[in-house]
file target.txt (compact mmCIF, C-alpha atoms)
# COMPACT_ATOMS: atom_id res chain seq x y z
CA MET Z 451 -7.44 11.99 63.44
CA SER Z 452 -10.79 11.79 61.63
CA VAL Z 453 -12.16 9.72 64.55
CA LEU Z 454 -11.24 12.50 66.98
CA TYR Z 455 -12.82 15.07 64.67
CA ASP Z 456 -16.08 13.09 64.46
CA TYR Z 457 -16.17 12.64 68.23
CA ILE Z 458 -15.70 16.37 68.87
CA LYS Z 459 -18.30 17.27 66.24
CA ASP Z 460 -20.88 14.89 67.73
CA PHE Z 461 -20.10 16.19 71.20
CA LEU Z 462 -20.73 19.80 70.11
CA LEU Z 463 -23.92 18.84 68.26
CA ASN Z 464 -25.26 17.15 71.41
CA TYR Z 465 -24.80 20.44 73.25
CA GLY Z 466 -27.07 22.22 70.80
CA LEU Z 467 -24.59 23.88 68.43
CA SER Z 468 -25.66 24.27 64.84
CA ASP Z 469 -24.11 22.01 62.23
CA ARG Z 470 -21.99 24.80 60.78
CA LEU Z 471 -20.62 25.94 64.14
CA ALA Z 472 -20.04 22.37 65.27
CA VAL Z 473 -18.10 21.54 62.11
CA HIS Z 474 -15.88 24.61 62.29
CA PHE Z 475 -15.24 24.38 66.04
CA ALA Z 476 -14.49 20.66 65.70
CA ALA Z 477 -12.05 21.37 62.86
CA LEU Z 478 -10.33 24.13 64.83
CA ILE Z 479 -10.03 22.02 67.99
CA SER Z 480 -8.82 19.00 66.01
CA LEU Z 481 -6.23 21.12 64.23
CA SER Z 482 -5.00 22.52 67.57
CA ILE Z 483 -4.69 19.01 68.99
CA LEU Z 484 -2.89 17.88 65.82
CA ILE Z 485 -0.39 20.71 66.13
CA LEU Z 486 0.20 19.94 69.83
CA VAL Z 487 0.71 16.25 69.12
CA ALA Z 488 3.07 17.05 66.25
CA LEU Z 489 4.98 19.46 68.49
CA LEU Z 490 5.23 16.89 71.29
CA ILE Z 491 6.47 14.17 68.91
CA PHE Z 492 8.92 16.67 67.39
CA LEU Z 493 10.42 17.51 70.79
CA ILE Z 494 10.79 13.83 71.69
CA VAL Z 495 12.28 12.87 68.32
CA ARG Z 496 14.62 15.86 68.30
CA LYS Z 497 15.95 15.05 71.74
CA ILE Z 498 16.60 11.43 70.81
CA VAL Z 499 17.91 12.01 67.28
CA ILE Z 500 20.16 14.96 68.16
CA LYS Z 501 21.60 13.05 71.09
CA ILE Z 502 22.41 10.06 68.87
CA ILE Z 503 23.89 12.27 66.13
CA GLY Z 504 25.93 14.19 68.70
CA ARG Z 505 27.54 10.98 69.94
CA ILE Z 506 28.32 9.88 66.39
CA VAL Z 507 29.86 13.26 65.59
CA LEU Z 508 32.13 13.08 68.64
CA ARG Z 509 33.45 9.70 67.54
CA THR Z 510 34.27 10.67 63.96
CA LYS Z 511 37.41 12.54 62.87
CA GLY Z 512 35.94 14.41 59.92
CA LEU Z 513 35.24 18.14 59.92
CA TRP Z 514 32.03 18.06 57.93
CA ASP Z 515 29.84 16.40 60.53
CA ASP Z 516 31.24 18.62 63.29
CA SER Z 517 30.56 21.80 61.34
CA LEU Z 518 27.08 20.66 60.27
CA PHE Z 519 26.24 19.80 63.87
CA ASP Z 520 27.59 23.11 65.18
CA HIS Z 521 25.50 25.04 62.64
CA LYS Z 522 22.43 22.96 63.68
CA VAL Z 523 21.68 21.58 60.24
CA PHE Z 524 20.41 18.33 61.78
CA HIS Z 525 18.30 20.29 64.27
CA VAL Z 526 16.46 21.95 61.40
CA LEU Z 527 15.94 18.73 59.45
CA VAL Z 528 14.15 17.16 62.42
CA HIS Z 529 11.32 19.65 61.74
CA ILE Z 530 10.34 17.39 58.83
CA VAL Z 531 8.71 15.04 61.39
CA PRO Z 532 5.81 17.41 62.33
CA VAL Z 533 5.42 18.32 58.64
CA ILE Z 534 4.82 14.66 57.81
CA ILE Z 535 2.37 14.30 60.69
CA ILE Z 536 0.38 17.39 59.72
CA TYR Z 537 0.41 16.57 56.01
CA SER Z 538 -0.69 12.95 56.50
CA SER Z 539 -3.61 14.06 58.74
CA SER Z 540 -4.81 16.94 56.56
CA GLY Z 541 -8.03 15.17 55.45
CA PHE Z 542 -9.52 14.61 58.89
CA ALA Z 543 -12.44 16.97 58.19
CA GLY Z 544 -13.63 14.79 55.32
CA GLU Z 545 -16.21 16.48 53.14
CA ASP Z 546 -17.58 18.75 55.89
CA ILE Z 547 -15.14 21.55 54.96
CA THR Z 548 -13.95 21.09 51.41
CA TRP Z 549 -11.27 23.79 51.56
CA PHE Z 550 -9.82 22.73 54.90
CA PRO Z 551 -7.59 19.83 53.69
CA GLU Z 552 -6.12 22.06 51.00
CA PHE Z 553 -5.49 24.76 53.59
CA ILE Z 554 -3.61 22.35 55.89
CA THR Z 555 -1.53 20.87 53.05
CA GLY Z 556 -0.66 24.40 51.96
CA LEU Z 557 0.57 25.20 55.47
CA ALA Z 558 2.57 21.96 55.43
CA HIS Z 559 4.13 22.88 52.09
CA ILE Z 560 5.11 26.34 53.35
CA TYR Z 561 6.52 24.84 56.55
CA LEU Z 562 8.54 22.34 54.48
CA ALA Z 563 9.85 25.10 52.21
CA ILE Z 564 11.02 27.11 55.22
CA ILE Z 565 12.73 24.03 56.67
CA ILE Z 566 14.57 23.30 53.42
CA MET Z 567 15.61 26.95 53.07
CA ALA Z 568 16.93 27.07 56.64
CA ALA Z 569 18.78 23.77 56.21
CA LEU Z 570 20.41 24.91 52.96
CA LEU Z 571 21.45 28.26 54.46
CA ARG Z 572 23.02 26.57 57.47
CA PHE Z 573 24.69 24.02 55.21
CA LEU Z 574 26.25 26.84 53.18
CA ASN Z 575 27.51 28.49 56.38
CA ALA Z 576 29.05 25.19 57.45
CA ALA Z 577 30.63 24.67 54.03
CA HIS Z 578 32.10 28.18 54.14
CA GLU Z 579 33.51 27.57 57.59
CA ILE Z 580 35.11 24.30 56.50
CA TYR Z 581 36.55 25.89 53.36
CA ASN Z 582 38.17 28.63 55.47
CA THR Z 583 40.15 25.97 57.36
CA TYR Z 584 42.20 25.23 54.23
CA THR Z 585 45.34 27.25 53.52
CA TYR Z 586 44.34 28.22 49.99
CA SER Z 587 41.13 29.87 51.26
CA ASN Z 588 43.04 33.12 51.86
CA GLU Z 589 44.05 33.32 48.21
CA ARG Z 590 40.65 32.26 46.84
CA PRO Z 591 37.83 33.45 49.11
CA ILE Z 592 34.37 32.10 48.28
CA LYS Z 593 32.24 34.35 50.44
CA GLY Z 594 30.79 36.04 47.35
CA TYR Z 595 29.72 32.70 45.88
CA ILE Z 596 28.19 31.63 49.19
CA GLN Z 597 26.20 34.85 49.35
CA LEU Z 598 25.02 34.37 45.76
CA MET Z 599 23.82 30.84 46.57
CA LYS Z 600 21.99 32.18 49.62
CA ILE Z 601 20.24 34.73 47.42
CA LEU Z 602 19.18 31.93 45.08
CA VAL Z 603 17.89 29.89 48.04
CA TYR Z 604 15.82 32.84 49.24
CA PHE Z 605 14.64 33.55 45.70
CA PHE Z 606 13.46 30.04 44.82
CA GLY Z 607 12.05 29.47 48.31
CA SER Z 608 10.05 32.69 48.12
CA ILE Z 609 8.73 31.77 44.66
CA PHE Z 610 7.57 28.39 45.97
CA ILE Z 611 5.85 29.95 49.01
CA ILE Z 612 4.13 32.56 46.83
CA ALA Z 613 2.99 29.79 44.46
CA VAL Z 614 1.39 27.95 47.41
CA LEU Z 615 -0.34 31.10 48.67
CA VAL Z 616 -1.81 32.02 45.28
CA ASP Z 617 -2.47 28.38 44.35
CA LYS Z 618 -0.34 28.51 41.21
CA ASN Z 619 2.23 26.21 39.71
CA PRO Z 620 5.76 27.50 40.54
CA ALA Z 621 6.76 26.87 36.92
CA SER Z 622 4.16 29.37 35.73
CA LEU Z 623 5.52 31.99 38.11
CA PHE Z 624 9.05 31.46 36.80
CA ALA Z 625 7.74 31.85 33.25
CA GLY Z 626 6.13 35.14 34.24
CA LEU Z 627 9.43 36.41 35.61
CA GLY Z 628 10.78 36.65 32.09
CA ALA Z 629 8.82 39.84 31.58
CA MET Z 630 10.38 41.23 34.75
CA ALA Z 631 13.93 40.41 33.70
CA ALA Z 632 14.83 44.07 33.13
CA VAL Z 633 13.50 45.03 36.55
CA LEU Z 634 15.34 42.13 38.22
CA ILE Z 635 18.58 43.09 36.51
CA LEU Z 636 18.17 46.65 37.76
CA VAL Z 637 17.37 45.51 41.31
CA PHE Z 638 20.19 42.95 41.45
CA ARG Z 639 22.67 45.02 39.44
CA ASP Z 640 25.28 45.21 42.20
CA ALA Z 641 24.89 41.52 43.02
CA ILE Z 642 25.31 40.48 39.38
CA MET Z 643 28.31 42.73 38.81
CA GLY Z 644 29.76 41.64 42.14
CA PHE Z 645 29.38 37.99 41.18
CA VAL Z 646 31.19 38.52 37.88
CA ALA Z 647 33.91 40.50 39.67
CA SER Z 648 34.26 37.77 42.30
CA ILE Z 649 34.95 35.22 39.56
CA GLN Z 650 37.59 37.48 38.03
CA ILE Z 651 39.17 38.15 41.41
CA ALA Z 652 39.30 34.43 42.25
CA VAL Z 653 40.58 33.27 38.86
CA ASN Z 654 43.18 36.04 38.44
CA ARG Z 655 44.04 36.23 42.16
CA ILE Z 656 43.74 40.00 42.10
CA ILE Z 657 43.32 40.46 45.86
CA LYS Z 658 42.64 38.40 48.95
CA PRO Z 659 41.89 39.22 52.60
CA GLY Z 660 45.01 40.55 54.27
CA ASP Z 661 46.39 42.29 51.17
CA TRP Z 662 47.46 45.91 51.35
CA ILE Z 663 45.77 47.84 48.52
CA THR Z 664 45.36 51.44 47.42
CA VAL Z 665 42.41 52.70 45.35
CA PRO Z 666 42.93 56.42 44.59
CA LYS Z 667 39.36 56.97 43.36
CA PHE Z 668 37.92 56.03 46.77
CA ASN Z 669 40.86 57.40 48.79
CA VAL Z 670 41.53 53.86 50.05
CA ASP Z 671 44.90 52.87 51.47
CA GLY Z 672 44.85 49.92 53.85
CA THR Z 673 44.33 46.21 54.44
CA VAL Z 674 41.51 44.14 52.94
CA HIS Z 675 39.43 42.64 55.75
CA ASP Z 676 36.51 41.07 53.93
CA ILE Z 677 35.39 40.37 50.36
CA SER Z 678 31.66 39.75 49.91
CA LEU Z 679 29.37 39.55 46.90
CA THR Z 680 28.65 43.28 46.70
CA THR Z 681 31.21 45.04 48.93
CA VAL Z 682 34.85 44.90 49.97
CA LYS Z 683 35.76 46.10 53.45
CA ILE Z 684 39.15 47.80 53.88
CA GLN Z 685 40.69 49.12 57.08
CA ASN Z 686 42.78 52.18 56.26
CA TRP Z 687 46.00 52.98 58.06
CA ASP Z 688 44.21 55.68 60.04
CA LYS Z 689 41.98 52.84 61.41
CA THR Z 690 38.90 54.01 59.51
CA ILE Z 691 36.83 51.41 57.65
CA THR Z 692 35.97 51.93 53.98
CA THR Z 693 33.59 49.76 51.95
CA ILE Z 694 33.72 49.85 48.17
CA PRO Z 695 31.78 47.89 45.51
CA THR Z 696 33.38 44.56 44.64
CA TYR Z 697 33.22 45.27 40.92
CA SER Z 698 35.32 48.42 41.42
CA LEU Z 699 38.35 46.18 42.05
CA VAL Z 700 38.31 45.14 38.40
CA SER Z 701 37.00 48.36 36.88
CA GLU Z 702 39.12 50.94 38.73
CA GLY Z 703 42.85 51.41 39.17
CA VAL Z 704 43.88 49.27 42.15
CA THR Z 705 47.43 48.86 43.46
CA ASN Z 706 48.08 45.65 45.37
CA TRP Z 707 51.20 45.78 47.53
CA ALA Z 708 51.19 42.05 48.27
CA GLY Z 709 53.98 41.45 45.75
CA MET Z 710 56.18 43.94 47.57
CA LEU Z 711 55.50 42.31 50.93
CA GLU Z 712 56.20 38.83 49.56
CA SER Z 713 59.44 39.92 47.85
CA GLY Z 714 61.11 40.90 51.12
CA GLY Z 715 61.98 44.44 50.05
CA ARG Z 716 60.33 47.84 49.58
CA ARG Z 717 61.50 50.23 46.91
CA ILE Z 718 63.01 53.61 47.65
CA LYS Z 719 63.03 55.88 44.62
CA ARG Z 720 63.92 59.47 45.35
CA SER Z 721 66.18 62.12 43.89
CA VAL Z 722 68.06 65.21 44.97
CA SER Z 723 68.75 68.08 42.57
CA ILE Z 724 72.33 69.29 42.46
CA ASP Z 725 73.10 72.91 41.61
CA ILE Z 726 74.96 72.60 38.29
CA THR Z 727 77.12 75.64 39.08
CA SER Z 728 78.69 73.69 41.96
CA ILE Z 729 79.92 70.85 39.69
CA ARG Z 730 83.65 71.14 38.80
CA GLN Z 731 86.86 69.21 38.43
CA CYS Z 732 88.67 68.37 41.64
CA ASP Z 733 91.97 70.03 42.36
CA GLU Z 734 94.52 68.58 44.74
CA PRO Z 735 93.26 70.37 47.90
CA MET Z 736 89.68 69.19 47.18
CA LEU Z 737 90.85 65.62 46.55
CA ASP Z 738 92.81 65.61 49.80
CA ARG Z 739 89.79 66.91 51.71
CA ILE Z 740 87.46 64.35 50.12
CA LYS Z 741 89.82 61.45 50.76
CA ARG Z 742 89.87 62.28 54.44
CA LEU Z 743 86.10 61.65 54.71
CA PRO Z 744 85.21 58.73 57.03
CA MET Z 745 84.87 55.41 55.13
CA PHE Z 746 85.64 57.17 51.81
CA SER Z 747 88.09 54.53 50.57
CA GLU Z 748 85.83 51.66 51.60
CA PHE Z 749 82.77 53.18 49.90
CA ILE Z 750 84.71 54.05 46.73
CA ASN Z 751 86.08 50.51 46.42
CA ALA Z 752 82.66 48.99 47.13
CA GLY Z 753 81.06 51.17 44.46
CA LEU Z 754 83.58 50.42 41.69
CA SER Z 755 82.18 48.40 38.80
CA ASN Z 756 83.36 44.86 38.20
CA PRO Z 757 84.32 43.97 34.62
CA ASP Z 758 82.31 40.76 35.00
CA ASP Z 759 79.18 42.89 35.40
CA TYR Z 760 79.30 43.64 31.69
CA GLY Z 761 79.23 39.96 30.68
CA ASN Z 762 80.79 39.09 27.35
CA ASP Z 763 80.45 42.56 25.86
CA MET Z 764 84.10 43.32 25.07
CA ASN Z 765 83.27 46.76 23.70
CA VAL Z 766 82.34 48.04 27.14
CA GLY Z 767 84.92 48.35 29.85
CA ALA Z 768 84.29 48.89 33.49
CA LEU Z 769 84.98 52.44 34.52
CA LYS Z 770 87.77 52.65 37.05
CA LEU Z 771 88.34 55.65 39.21
CA ASN Z 772 92.05 55.70 38.40
CA LEU Z 773 91.27 56.22 34.69
CA PHE Z 774 90.34 59.78 35.54
CA SER Z 775 93.38 61.98 35.72
CA SER Z 776 91.21 64.76 37.07
CA PRO Z 777 87.85 63.46 38.35
CA THR Z 778 84.86 65.72 38.97
CA ASN Z 779 83.31 66.16 42.38
CA ILE Z 780 79.98 64.82 41.08
CA SER Z 781 81.61 61.59 39.78
CA LEU Z 782 83.34 61.07 43.13
CA PHE Z 783 80.07 61.72 44.94
CA LYS Z 784 78.26 59.18 42.73
CA GLN Z 785 80.92 56.53 43.38
CA TYR Z 786 80.86 57.31 47.09
CA LEU Z 787 77.08 57.11 47.21
CA GLU Z 788 77.05 53.75 45.39
CA GLY Z 789 79.49 52.33 47.89
CA TYR Z 790 77.53 53.77 50.78
CA LEU Z 791 74.33 52.08 49.58
CA ILE Z 792 76.11 48.77 48.97
CA SER Z 793 77.59 48.84 52.47
CA HIS Z 794 74.40 49.95 54.26
CA PRO Z 795 72.90 47.07 56.28
CA GLY Z 796 69.34 48.32 55.74
CA ILE Z 797 69.51 48.03 51.93
CA HIS Z 798 68.54 44.72 50.34
CA GLU Z 799 71.68 43.27 48.81
CA HIS Z 800 69.88 40.99 46.31
CA MET Z 801 67.71 43.67 44.72
CA THR Z 802 68.31 46.62 42.43
CA ARG Z 803 70.73 49.31 43.63
CA ILE Z 804 71.15 52.20 41.22
CA VAL Z 805 72.51 55.73 41.48
CA ARG Z 806 71.99 57.64 38.25
CA PHE Z 807 71.91 61.12 36.76
CA LEU Z 808 68.61 62.19 35.22
CA GLN Z 809 68.12 64.79 32.51
CA SER Z 810 69.27 68.15 33.77
CA THR Z 811 66.58 70.81 34.06
CA GLU Z 812 66.31 74.45 35.04
CA LYS Z 813 66.26 73.15 38.60
CA GLY Z 814 69.65 71.48 38.41
CA LEU Z 815 70.94 67.94 37.86
CA PRO Z 816 68.76 65.29 39.56
CA VAL Z 817 70.68 62.45 41.18
CA GLU Z 818 68.24 59.58 41.60
CA ILE Z 819 68.55 56.67 44.00
CA ILE Z 820 66.71 53.38 43.35
CA VAL Z 821 67.23 50.80 46.08
CA PHE Z 822 65.12 48.37 48.09
CA SER Z 823 64.76 48.59 51.83
CA LYS Z 824 64.78 45.42 53.92
CA ALA Z 825 62.32 47.09 56.26
CA GLN Z 826 58.74 47.05 54.97
CA GLN Z 827 56.86 48.50 57.93
CA LEU Z 828 56.05 52.13 57.32
CA ASN Z 829 57.83 53.53 60.38
CA LEU Z 830 61.06 51.61 59.71
CA TYR Z 831 60.86 52.28 55.98
CA GLU Z 832 60.51 56.04 56.49
CA ALA Z 833 63.26 56.01 59.11
CA LEU Z 834 65.64 54.40 56.61
CA GLN Z 835 64.77 56.96 53.93
CA ALA Z 836 65.36 59.76 56.41
CA GLU Z 837 68.73 58.26 57.38
CA LEU Z 838 69.86 57.97 53.74
CA PHE Z 839 68.97 61.50 52.77
CA ASP Z 840 70.18 62.98 56.03
CA HIS Z 841 73.58 61.55 55.16
CA ILE Z 842 73.37 62.73 51.53
CA PHE Z 843 72.51 66.31 52.46
CA ALA Z 844 75.17 66.38 55.15
CA ILE Z 845 77.97 64.98 52.93
CA LEU Z 846 77.30 67.09 49.81
CA PRO Z 847 79.21 70.21 51.04
CA ASP Z 848 82.31 68.03 51.61
CA PHE Z 849 82.31 67.30 47.86
CA GLY Z 850 81.87 70.99 47.07
CA LEU Z 851 78.31 70.38 45.84
CA ARG Z 852 75.16 72.32 46.61
CA VAL Z 853 71.53 71.26 46.57
CA PHE Z 854 69.45 73.35 44.19
CA GLN Z 855 66.70 75.39 45.77
CA ASN Z 856 64.96 78.69 45.02
CA PRO Z 857 66.59 81.13 45.24
CA SER Z 858 69.66 79.20 44.05
CA ASP Z 859 72.07 82.08 44.54
CA ASP Z 860 73.12 82.46 48.17
CA ASN Z 861 73.70 86.19 47.59
CA ALA Z 862 70.02 86.63 46.62
CA LEU Z 863 69.17 86.27 50.30
CA LEU Z 864 71.34 89.23 51.23
call {"tool": "encode", "arguments": {"input": "target.txt", "output": "structure tokens"}}
result
Amino acid sequence: MSVLYDYIKDFLLNYGLSDRLAVHFAALISLSILILVALLIFLIVRKIVIKIIGRIVLRTKGLWDDSLFDHKVFHVLVHIVPVIIIYSSSGFAGEDITWFPEFITGLAHIYLAIIIMAALLRFLNAAHEIYNTYTYSNERPIKGYIQLMKILVYFFGSIFIIAVLVDKNPASLFAGLGAMAAVLILVFRDAIMGFVASIQIAVNRIIKPGDWITVPKFNVDGTVHDISLTTVKIQNWDKTITTIPTYSLVSEGVTNWAGMLESGGRRIKRSVSIDITSIRQCDEPMLDRIKRLPMFSEFINAGLSNPDDYGNDMNVGALKLNLFSSPTNISLFKQYLEGYLISHPGIHEHMTRIVRFLQSTEKGLPVEIIVFSKAQQLNLYEALQAELFDHIFAILPDFGLRVFQNPSDDNALL
């Protein structure tokens, strides 16, 4: 390259240019030719190398080479060829322009830094894509870690480029950053807290994409779509998208419904308040009327306790309906309701089924139902609840019971 530079300089001097102009024009023309040659060689090498690598990738069965090729990691690495050409020819101007070789090597260093940064970023994208092909990637997403590594790549690459531009050792710039630690912590506060939260989320398996979560503070109720270093994207049931800070998942109250979905059942826990003044012992006419209710005998028998349910505790006996010489309407209703829930096809038979009386209040005696629905989808779940309580409200008058409501006295409406 120095021969070409000398030839161009002599040519310009023969045409009457001053030494200074001839030197600078010769350097500029030589640099342009060097860049064109490097570009031409780069295009030729890239075409040959990429073609060869593409054939090798097609013949292998691994995923890594396919993903790296698709993300053009090899395409970026080929840029090292023109860097080598430019760097090795940086001294063509000799001693005519003392700063010119340093200028060219600086450009080569910056070019190389950009190539390495681009290759690392594409490699991280490829690694993330490959990781997402594994089944456990849904439970342990690494997008936050990938984003953190990208930030580090940008950070160190930028420091190196700045060091080249200001002609300083990169180590000295890193030493100077110690004084800016407080500022950096303030600037990257969300990223640092998000990184720590991502570790906690991954280790403790708090949430993963696809989980249904609720966060009352942010009015969030929906499915997790994406977990990144600084934000979590949730699609609410009204189809709106909410983004919240990643660290809020470990610092705020978050309910994850994944356990419910994996269990196969969804809890129903509701109560109805019975007017205490309607509770009484059953006389013969009331018993006859109650016994004529559809499925009464079947529900009563299904709801009776089994002595085996009490294990080896001999001090507790199972309560049998026939032990009551004069049962109350509320006890019959409870036994009927237990049998109804046991017999209902929509109630999960292997999960808790409880009908219990809560502490009576000025608003009556609450009868609480705790069962698990087989249906987990909201529309089916609500339909089952509606069906259960439709039946309860409709059957209560047949037991001589009234639901408490204000005003509780029917005559108060007259």
call {"tool": "atom_distance", "arguments": {"input": "target.txt", "atom1": "CA of Ser701 (chain Z)", "atom2": "CA of Val603 (chain Z)"}}
result
28.8 Å
call {"tool": "atom_distance", "arguments": {"input": "target.txt", "atom1": "CA of Tyr537 (chain Z)", "atom2": "CA of Ile503 (chain Z)"}}
result
25.9 Å
call {"tool": "closest_residue", "arguments": {"input": "target.txt", "among": "Z:Ile663, Z:Met736, Z:Ile718, Z:Leu493", "to": "Trp687 (chain Z)", "atoms": "only C-alpha atoms"}}
result
Z:Ile663
call {"tool": "atom_distance", "arguments": {"input": "target.txt", "atom1": "CA of Gly715 (chain Z)", "atom2": "CA of Lys824 (chain Z)"}}
result
4.9 Å
call {"tool": "residues_around", "arguments": {"input": "target.txt", "residues": "Glu812 (chain Z)", "least_positions_apart": "6", "cutoff": "12 Å", "atoms": "all atoms listed in the file", "output": "VMD selection string"}}
result
chain Z and resid 723 to 727 854 to 856 858
call {"tool": "closest_residue", "arguments": {"input": "target.txt", "among": "Z:Ile609, Z:Val704, Z:Val526, Z:Ile535", "to": "Ala568 (chain Z)", "atoms": "only C-alpha atoms"}}
result
Z:Val526
call {"tool": "residues_around", "arguments": {"input": "target.txt", "residues": "region 666-679 of chain Z", "least_positions_apart": "4", "cutoff": "7 Å", "atoms": "all atoms listed in the file", "output": "number ranges by chain"}}
result
Z: 593-595, 597-598, 641, 644-645, 648, 659-662, 683-687, 696
call {"tool": "axis_aligned_box", "arguments": {"input": "target.txt", "around": "region 735-753 of chain Z", "padding_each_side": "5 Å", "output": "lines of an AutoDock Vina configuration file"}}
result
center_x = 87.2
center_y = 59.7
center_z = 50.7
size_x = 22.2
size_y = 31.4
size_z = 22.6
call {"tool": "closest_residue", "arguments": {"input": "target.txt", "among": "Z:Gly709, Z:Gly789, Z:Pro795, Z:Pro532", "to": "Ser747 (chain Z)", "atoms": "all atoms listed in the file"}}
result
Z:Gly789
call {"tool": "residues_around", "arguments": {"input": "target.txt", "residues": "region 830-838 of chain Z", "least_positions_apart": "2", "cutoff": "10 Å", "atoms": "all atoms listed in the file", "output": "ChimeraX atom specification"}}
result
/Z:715-720,787,790-791,794,796-797,819,822-828,840-843
call {"tool": "write_last_selection", "arguments": {"input": "target.txt", "atoms": "C-alpha atoms", "output": "short mmCIF file (atom, residue, chain, number, x, y, z; two decimals), in the coordinates of the input"}}
result
data_model
loop_
_atom_site.label_atom_id
_atom_site.label_comp_id
_atom_site.auth_asym_id
_atom_site.auth_seq_id
_atom_site.Cartn_x
_atom_site.Cartn_y
_atom_site.Cartn_z
CA GLY Z 715 61.98 44.44 50.05
CA ARG Z 716 60.33 47.84 49.58
CA ARG Z 717 61.50 50.23 46.91
CA ILE Z 718 63.01 53.61 47.65
CA LYS Z 719 63.03 55.88 44.62
CA ARG Z 720 63.92 59.47 45.35
CA LEU Z 787 77.08 57.11 47.21
CA TYR Z 790 77.53 53.77 50.78
CA LEU Z 791 74.33 52.08 49.58
CA HIS Z 794 74.40 49.95 54.26
CA GLY Z 796 69.34 48.32 55.74
CA ILE Z 797 69.51 48.03 51.93
CA ILE Z 819 68.55 56.67 44.00
CA PHE Z 822 65.12 48.37 48.09
CA SER Z 823 64.76 48.59 51.83
CA LYS Z 824 64.78 45.42 53.92
CA ALA Z 825 62.32 47.09 56.26
CA GLN Z 826 58.74 47.05 54.97
CA GLN Z 827 56.86 48.50 57.93
CA LEU Z 828 56.05 52.13 57.32
CA ASP Z 840 70.18 62.98 56.03
CA HIS Z 841 73.58 61.55 55.16
CA ILE Z 842 73.37 62.73 51.53
CA PHE Z 843 72.51 66.31 52.46
#
call {"tool": "closest_residue", "arguments": {"input": "target.txt", "among": "Z:Met599, Z:Val805, Z:Ile780, Z:Val853", "to": "Cys732 (chain Z)", "atoms": "only C-alpha atoms"}}
result
Z:Ile780
call {"tool": "residues_around", "arguments": {"input": "target.txt", "residues": "Ile530 (chain Z)", "least_positions_apart": "2", "cutoff": "9 Å", "atoms": "only C-alpha atoms", "output": "VMD selection string"}}
result
chain Z and resid 492 526 to 528 532 to 535 561 to 562 565
call {"tool": "residues_around", "arguments": {"input": "target.txt", "residues": "Phe783 (chain Z)", "least_positions_apart": "6", "cutoff": "12 Å", "atoms": "all atoms listed in the file", "output": "count of residues only"}}
result
30
call {"tool": "build_atoms", "arguments": {"input": "target.txt", "residues": "region 503-516 of chain Z", "atoms": "N, CA and C atoms", "output": "short mmCIF file (atom, residue, chain, number, x, y, z; two decimals), keeping the file's coordinate frame"}}
result
data_model
loop_
_atom_site.label_atom_id
_atom_site.label_comp_id
_atom_site.auth_asym_id
_atom_site.auth_seq_id
_atom_site.Cartn_x
_atom_site.Cartn_y
_atom_site.Cartn_z
N ILE Z 503 22.98 11.66 67.11
CA ILE Z 503 23.89 12.27 66.13
C ILE Z 503 25.08 12.93 66.82
N GLY Z 504 24.83 13.56 67.97
CA GLY Z 504 25.93 14.19 68.70
C GLY Z 504 26.98 13.19 69.12
N ARG Z 505 26.57 12.02 69.55
CA ARG Z 505 27.54 10.98 69.94
C ARG Z 505 28.32 10.49 68.72
N ILE Z 506 27.63 10.33 67.60
CA ILE Z 506 28.32 9.88 66.39
C ILE Z 506 29.35 10.91 65.94
N VAL Z 507 28.96 12.19 66.01
CA VAL Z 507 29.86 13.26 65.59
C VAL Z 507 31.12 13.28 66.45
N LEU Z 508 30.96 13.06 67.74
CA LEU Z 508 32.13 13.08 68.64
C LEU Z 508 33.09 11.94 68.34
N ARG Z 509 32.59 10.85 67.79
CA ARG Z 509 33.45 9.70 67.54
C ARG Z 509 34.14 9.76 66.17
N THR Z 510 33.66 10.58 65.28
CA THR Z 510 34.27 10.67 63.96
C THR Z 510 35.37 11.74 63.95
N LYS Z 511 36.29 11.62 62.97
CA LYS Z 511 37.41 12.54 62.87
C LYS Z 511 37.21 13.60 61.78
N GLY Z 512 36.17 13.45 61.00
CA GLY Z 512 35.94 14.41 59.92
C GLY Z 512 35.48 15.76 60.43
N LEU Z 513 35.65 16.77 59.58
CA LEU Z 513 35.24 18.14 59.92
C LEU Z 513 33.81 18.44 59.50
N TRP Z 514 33.34 17.74 58.46
CA TRP Z 514 32.03 18.06 57.93
C TRP Z 514 30.92 17.85 58.94
N ASP Z 515 30.92 16.68 59.58
CA ASP Z 515 29.84 16.40 60.53
C ASP Z 515 29.89 17.34 61.72
N ASP Z 516 31.11 17.68 62.17
CA ASP Z 516 31.24 18.62 63.29
C ASP Z 516 30.67 19.99 62.94
#
